[in-house]
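Q: Take this structure first; my questions come after.
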Amino acid sequence: MKKLVILPASLILVLVSQAQTKISGTIRDMKSHIVAGASIQIKGSYDGAVSDSTSHFNFKSFEKGTQTIVVSNIGFKSVEQVIELKGEPIEINFALKEEVSELKAVVVTAGSFEAGDKKRAATVLNTLDVLTTGGANADITAVLKTLPGAQQVGDQEGLFVRGGAGYEAKQFIDGTLVNNPYYSSVPDIAQRGRFSPNLFKGTVFSTGGYSALYGQALSSAVILESIDLPDQSQVNASISTVFAGLGLQELAKNKKSSWGFNYGYTNVWPYFQIVKQGVDYFTIPEFHSADANFRIKTKSGGIIKYYTTFSHNQLGLRRPNIDSLILKDAFGLTNYNWYNNFSWRENLGNGWKMNLGLSYSTDHNDIHQNIQNQQNQYVITGFPYIDTLNFALENKSDLSQIKLVLDKRISGISVIRFGSEYMYANYKSNYNGLHVLLKDNFLASFAEADLYITNALALKTGFRFEQSSLLNKINFAPRLSLAYKLGNGGQMSWAYGDFYQKPENSQLIFSTQLGYTKATHYIMNYMKVTTLQTFRIEAFYKKYNDLVKTFPVYNNVGTGDAKGIELFWRDKKTIKGMDYWISYSYLDTKRDYLNYPKSLQPNFAANHTASFVLKKFYSKLNTGFNFTYTYATGRPYYNIKYNSALVKYEIADEGKTIDYHNLGFSMNWLTNIFKSYAVVVASVTNVLGSNQVFGYNYSYNGNYKQAITPVSTRFFFIGIFLSWGVDRRLDAINNNL
Amino acid sequence: MKNLLFLTMMLITGIVSAQSKYEAGMGKAFEQMKAVKTAEDMGATAAFFERIADTEKDKWLPYYYAAYCNYLTGWMNPNADKDAVGEKAKALVVKAEVIEKNNSELYILRQMIAVQQLTVDPMSRFQTYGAQANEALEKAKQADPNNPRIYLVDGQYKMNVPDAFGGGKEVGKKLFTKSLELFKTFKPASEMHPSWGFDQAEKLLAQCQQ
């Protein structure tokens, strides 16, 4: 700047000073609130000013005669006014009208946790959070369990949300439903999700009241949005105590397309040699998984994405038979799963957008169980209640679907959205030679409007119309939510909605004379979000109707309800470099379904659940330390037995498990290995070795019960993740920057 | 005599003001910028540059300086909402880019804005804002590899990244040395074109050598 020649501006100033006009005034909004930082300018001249923190402005101008004064500020409509400059001071006050803008508008948040890199108010967790949550082992579901609303169920996979069973929560990738999001069930052992958190840029965990775009989920929708193009080409390799993997991601030179693939192999044999397990594995769990993808940016700013993954896994384990001291149950499973997802997002111009999703998945299970003696030989005992445990089950479920959503921007930022989806589901099962085939042509249409009445008031309303050929019934589900911004930066939201879900295939194989199960949600929420802090409190009431009961015949007369309060607090601000969140859920729920003799608190529901997650990165050590502590009060358990004399089910025994405690820990050290950027991860679950009981299994006569516990007290993990091409360690860059 | 002097001065002034209302305005704005003491002053200077830009419509430099001054308020005011500052500055850069295509100075400014927004929450923002910053600098290098400010802002960012992350004082030292070398031969296209950074590069190099 010093090189600049300062032109004789001062000279001009002196000479024409007689002609100056002083202009002053205030700038406020329509509600008389101060607008600071607004710009005031005489059109065609440089003269002007900026309003200060008390709304005032003043400046002098050399201009003369009739001039136009322009007032503008981001988020407001510009105002013009004609004034006459004659040398006498002018005082003029402006009132600006707010523009409804995406940056300022309230966001409907009731029921949902949005996680992603969007800077929207609802952003709570991102992919990095999933990777660095202590004890979660990079499993999306495990991290979602640290948020309010979800139960700490460790003996079955799935998210048990607000008194809902695991199958009431569904996952959607780029809009389409995922049929088998978890590895196939093994009795009393929860399985991981199939999808890596690295695939997704955004996750919405909705614990109720969600959009009309999603259906067939009574309790919860996990909406996953896959990443677009990667930042850079890269090669990845990983090796750990249980798996090894290799991957490549290639970004085209013009940065308009990319393709890639990954292969991973998991074998827990070496791990089981060192860490003894509570069960006897006769087939060591082994997983092969391969995936491939391509992504192409289109001319008008859209993107086409395709992702496919194939996996094969097998395992076999023996556990003591509960009815006999000498017999064992030998359970074996082989699974093949192939999942394909194609999506096309496009700007059609004129405010129209299109989202097209296609998906196809096929899942094949081969499951068998034998009763074996001490020599691990198959035996027939002659006791029907033991011999019926011998079974062979083969099932294959296919799901094909297409979903089209059109999006039209109406006035301002308000949007209407509508579309249709069609699913063809085919389920084939062979249970001990008994063949069942279920086919369903399922059609749904939906429409929804996001209406921004002002920046402070938004309304989301929609409906969904569904028809299943298998049930031969239709349903109509209205949804409504509302958000209102309060003065202090906080906001209130309300949501209401009806949700329908088909009965499970395991129920439909006994009877297709069933209707949809139904839940109605009522939610109220207060949320206050700043860039580094989030506070949220939510209350809900959920009413269940038409749940499936299995006695005396399969019918839809089951009912239930759930109510509760949930709290969430996340803070990255108070202690520099430290990030923590606390969540608490209170749940009061009862339901009368399946073979329950009366309305009961289900065995997957605890009254109080709390999580504390802490992450601290030490830049001097290049190491992050992450802790997760989870607590839940005991869950009820029942021995529901058929009384043949009274021809009904009754509770032969009941109780409550001990409280659940789990401290998970992980650390990630960032370093260089073989010229690659490397992350070394070490983690352990249940550090304190707390005794965890998820429920009880009962012997046939009911005299003996056995606790359902994790197969080993702790799970240890050490892994090295290498990447060449892009600096992945910078994912966890220090906070001192 | 007095009248003659007055007339002559009037004449000169008239010519000057007619020919260079823009230069005069910019000159005044630069002067104001030099005298800045507080973030509020800097904001007022930014607004002045923006008024010039909005009036001229075909000059990119006032938009550049308006964006630059806005960016500076983000550092001067410790309580600034860096996202709001960043969005405002970016909007001004976009306006400048409409007039001046593919100029390294504007790409450099984009990098600076991205880094500023990154610092709000480095852990979760690195992937998006870090990539934006790198992409901007790559484009700046393509547009003009001899712009010393490329290596200055790169060094400023990297020196604060720990060694094992591919940053550190050694990396900073190299970049500032390169920047200073380029400053020796660097000539701004005009006296109004950006020329800042020499003192800063010297200071930061000294810091890295400590």
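In the structure tokens, the first chain shown is A, the next is B, and so on; residue numbers restart at 1 for each chain, and ligands run from 1 in the order shown.
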At a cut-off of 9 Å, using only C-alpha atoms, what residues contact range 155-162 of chain B? Leave out same-chain residues fewer than 4 positions from it and give the result as a list in words.
A: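 Returned residues: Ser619, Lys620, Asn622, Ile733, Asn734, Asn736 and Leu737 of chain A; Met112, Val115, Ile150, Tyr151, Gly166, Gly167, Gly168, Lys169, Glu170, Val171, Gly172, Lys173, Lys174, Leu175, Phe176, Ser179, Ala201, Leu204 and Cys208 of chain B.
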Q: Those residues you just picked out, can you put them in a file as an mmCIF file, in the first residue's frame with N, CA and C atoms?
A:
data_model
loop_
_atom_site.group_PDB
_atom_site.id
_atom_site.type_symbol
_atom_site.label_atom_id
_atom_site.label_comp_id
_atom_site.auth_asym_id
_atom_site.auth_seq_id
_atom_site.Cartn_x
_atom_site.Cartn_y
_atom_site.Cartn_z
ATOM 1 N N SER A 619 -2.516 -32.561 20.076
ATOM 2 C CA SER A 619 -1.793 -32.367 18.821
ATOM 3 C C SER A 619 -0.302 -32.649 18.985
ATOM 4 N N LYS A 620 0.252 -32.454 20.179
ATOM 5 C CA LYS A 620 1.673 -32.736 20.393
ATOM 6 C C LYS A 620 1.962 -34.222 20.222
ATOM 7 N N ASN A 622 -0.073 -36.186 18.463
ATOM 8 C CA ASN A 622 -0.796 -36.633 17.265
ATOM 9 C C ASN A 622 -1.768 -37.745 17.599
ATOM 10 N N ILE A 733 -7.263 -33.109 12.223
ATOM 11 C CA ILE A 733 -6.259 -32.061 12.390
ATOM 12 C C ILE A 733 -6.433 -31.367 13.746
ATOM 13 N N ASN A 734 -5.332 -30.871 14.252
ATOM 14 C CA ASN A 734 -5.377 -30.312 15.604
ATOM 15 C C ASN A 734 -6.229 -29.058 15.693
ATOM 16 N N ASN A 736 -5.489 -26.441 17.347
ATOM 17 C CA ASN A 736 -4.729 -25.217 17.637
ATOM 18 C C ASN A 736 -4.508 -24.357 16.418
ATOM 19 N N LEU A 737 -5.034 -24.806 15.315
ATOM 20 C CA LEU A 737 -4.797 -24.114 14.052
ATOM 21 C C LEU A 737 -5.237 -22.670 14.136
ATOM 22 N N MET B 112 -7.810 -17.953 1.722
ATOM 23 C CA MET B 112 -7.765 -17.291 3.036
ATOM 24 C C MET B 112 -9.117 -17.392 3.739
ATOM 25 N N VAL B 115 -9.719 -20.983 4.970
ATOM 26 C CA VAL B 115 -8.937 -21.292 6.171
ATOM 27 C C VAL B 115 -9.564 -20.621 7.393
ATOM 28 N N ILE B 150 0.796 -16.550 -2.861
ATOM 29 C CA ILE B 150 0.399 -17.961 -2.835
ATOM 30 C C ILE B 150 1.165 -18.690 -1.737
ATOM 31 N N TYR B 151 2.511 -18.471 -1.721
ATOM 32 C CA TYR B 151 3.358 -19.195 -0.775
ATOM 33 C C TYR B 151 3.258 -18.599 0.618
ATOM 34 N N GLY B 166 2.134 -33.135 8.008
ATOM 35 C CA GLY B 166 2.594 -32.558 6.745
ATOM 36 C C GLY B 166 2.718 -31.046 6.832
ATOM 37 N N GLY B 167 2.811 -30.516 8.055
ATOM 38 C CA GLY B 167 2.969 -29.071 8.202
ATOM 39 C C GLY B 167 4.180 -28.786 9.084
ATOM 40 N N GLY B 168 4.123 -27.692 9.815
ATOM 41 C CA GLY B 168 5.191 -27.381 10.754
ATOM 42 C C GLY B 168 6.051 -26.226 10.302
ATOM 43 N N LYS B 169 6.959 -25.839 11.198
ATOM 44 C CA LYS B 169 7.791 -24.652 10.952
ATOM 45 C C LYS B 169 8.742 -24.852 9.780
ATOM 46 N N GLU B 170 9.257 -26.089 9.622
ATOM 47 C CA GLU B 170 10.184 -26.344 8.510
ATOM 48 C C GLU B 170 9.484 -26.096 7.163
ATOM 49 N N VAL B 171 8.265 -26.606 7.069
ATOM 50 C CA VAL B 171 7.483 -26.419 5.841
ATOM 51 C C VAL B 171 7.200 -24.937 5.647
ATOM 52 N N GLY B 172 6.846 -24.269 6.749
ATOM 53 C CA GLY B 172 6.554 -22.841 6.717
ATOM 54 C C GLY B 172 7.772 -22.059 6.216
ATOM 55 N N LYS B 173 8.943 -22.428 6.760
ATOM 56 C CA LYS B 173 10.186 -21.745 6.408
ATOM 57 C C LYS B 173 10.414 -21.778 4.895
ATOM 58 N N LYS B 174 10.272 -22.971 4.322
ATOM 59 C CA LYS B 174 10.473 -23.132 2.882
ATOM 60 C C LYS B 174 9.525 -22.231 2.097
ATOM 61 N N LEU B 175 8.271 -22.245 2.520
ATOM 62 C CA LEU B 175 7.260 -21.482 1.785
ATOM 63 C C LEU B 175 7.489 -19.980 1.905
ATOM 64 N N PHE B 176 7.849 -19.511 3.116
ATOM 65 C CA PHE B 176 8.064 -18.073 3.289
ATOM 66 C C PHE B 176 9.317 -17.624 2.531
ATOM 67 N N SER B 179 8.340 -17.297 -0.949
ATOM 68 C CA SER B 179 7.502 -16.112 -1.094
ATOM 69 C C SER B 179 8.367 -14.849 -1.157
ATOM 70 N N ALA B 201 5.488 -11.834 5.410
ATOM 71 C CA ALA B 201 6.309 -13.004 5.098
ATOM 72 C C ALA B 201 7.615 -12.960 5.884
ATOM 73 N N LEU B 204 6.811 -13.789 9.574
ATOM 74 C CA LEU B 204 6.475 -15.192 9.788
ATOM 75 C C LEU B 204 7.697 -16.084 9.603
ATOM 76 N N CYS B 208 9.361 -18.731 12.237
ATOM 77 C CA CYS B 208 9.671 -20.130 11.948
ATOM 78 C C CYS B 208 11.123 -20.446 12.277
#
Q: Env of Val98 in chain B: 12 Å cut, atoms = only C-alpha atoms, seq-sep filter 3 positions within chain, self excluded. Answer as an MDAnalysis selection string.
A: chainID B and resid 57:61 63:64 91:95 101:103 106
Q: Pick out the closest residue to chain A from this set: B:Lys203, B:Arg51, B:Lys37, B:Lys21. Count only C-alpha atoms.
A: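 Using only C-alpha atoms, chain A sits closest to B:Arg51.
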Q: Within 8 Å of chain A, which residues belong to chain B? Use only C-alpha atoms and report them as a VMD selection string.
A: chain B and resid 10 13 17 23 to 25 27 to 28 30 to 31 44 47 to 48 51 to 52 55 to 56 119 to 128 131 157 160 to 162 164 to 165 191 to 192 194 to 196
Q: Excluding Asp83 in chain B and its own-chain neighbours fewer than 2 positions away, which residues fall within 12 Å of it when counting only C-alpha atoms? Please give them as JSON, numbers by chain.
A: {"A": [103, 119, 120, 530, 531], "B": [70, 71, 73, 74, 75, 79, 80, 81, 85, 86, 87, 88, 89, 90, 113, 114, 115, 116, 117, 118, 119, 120, 121, 125, 129]}
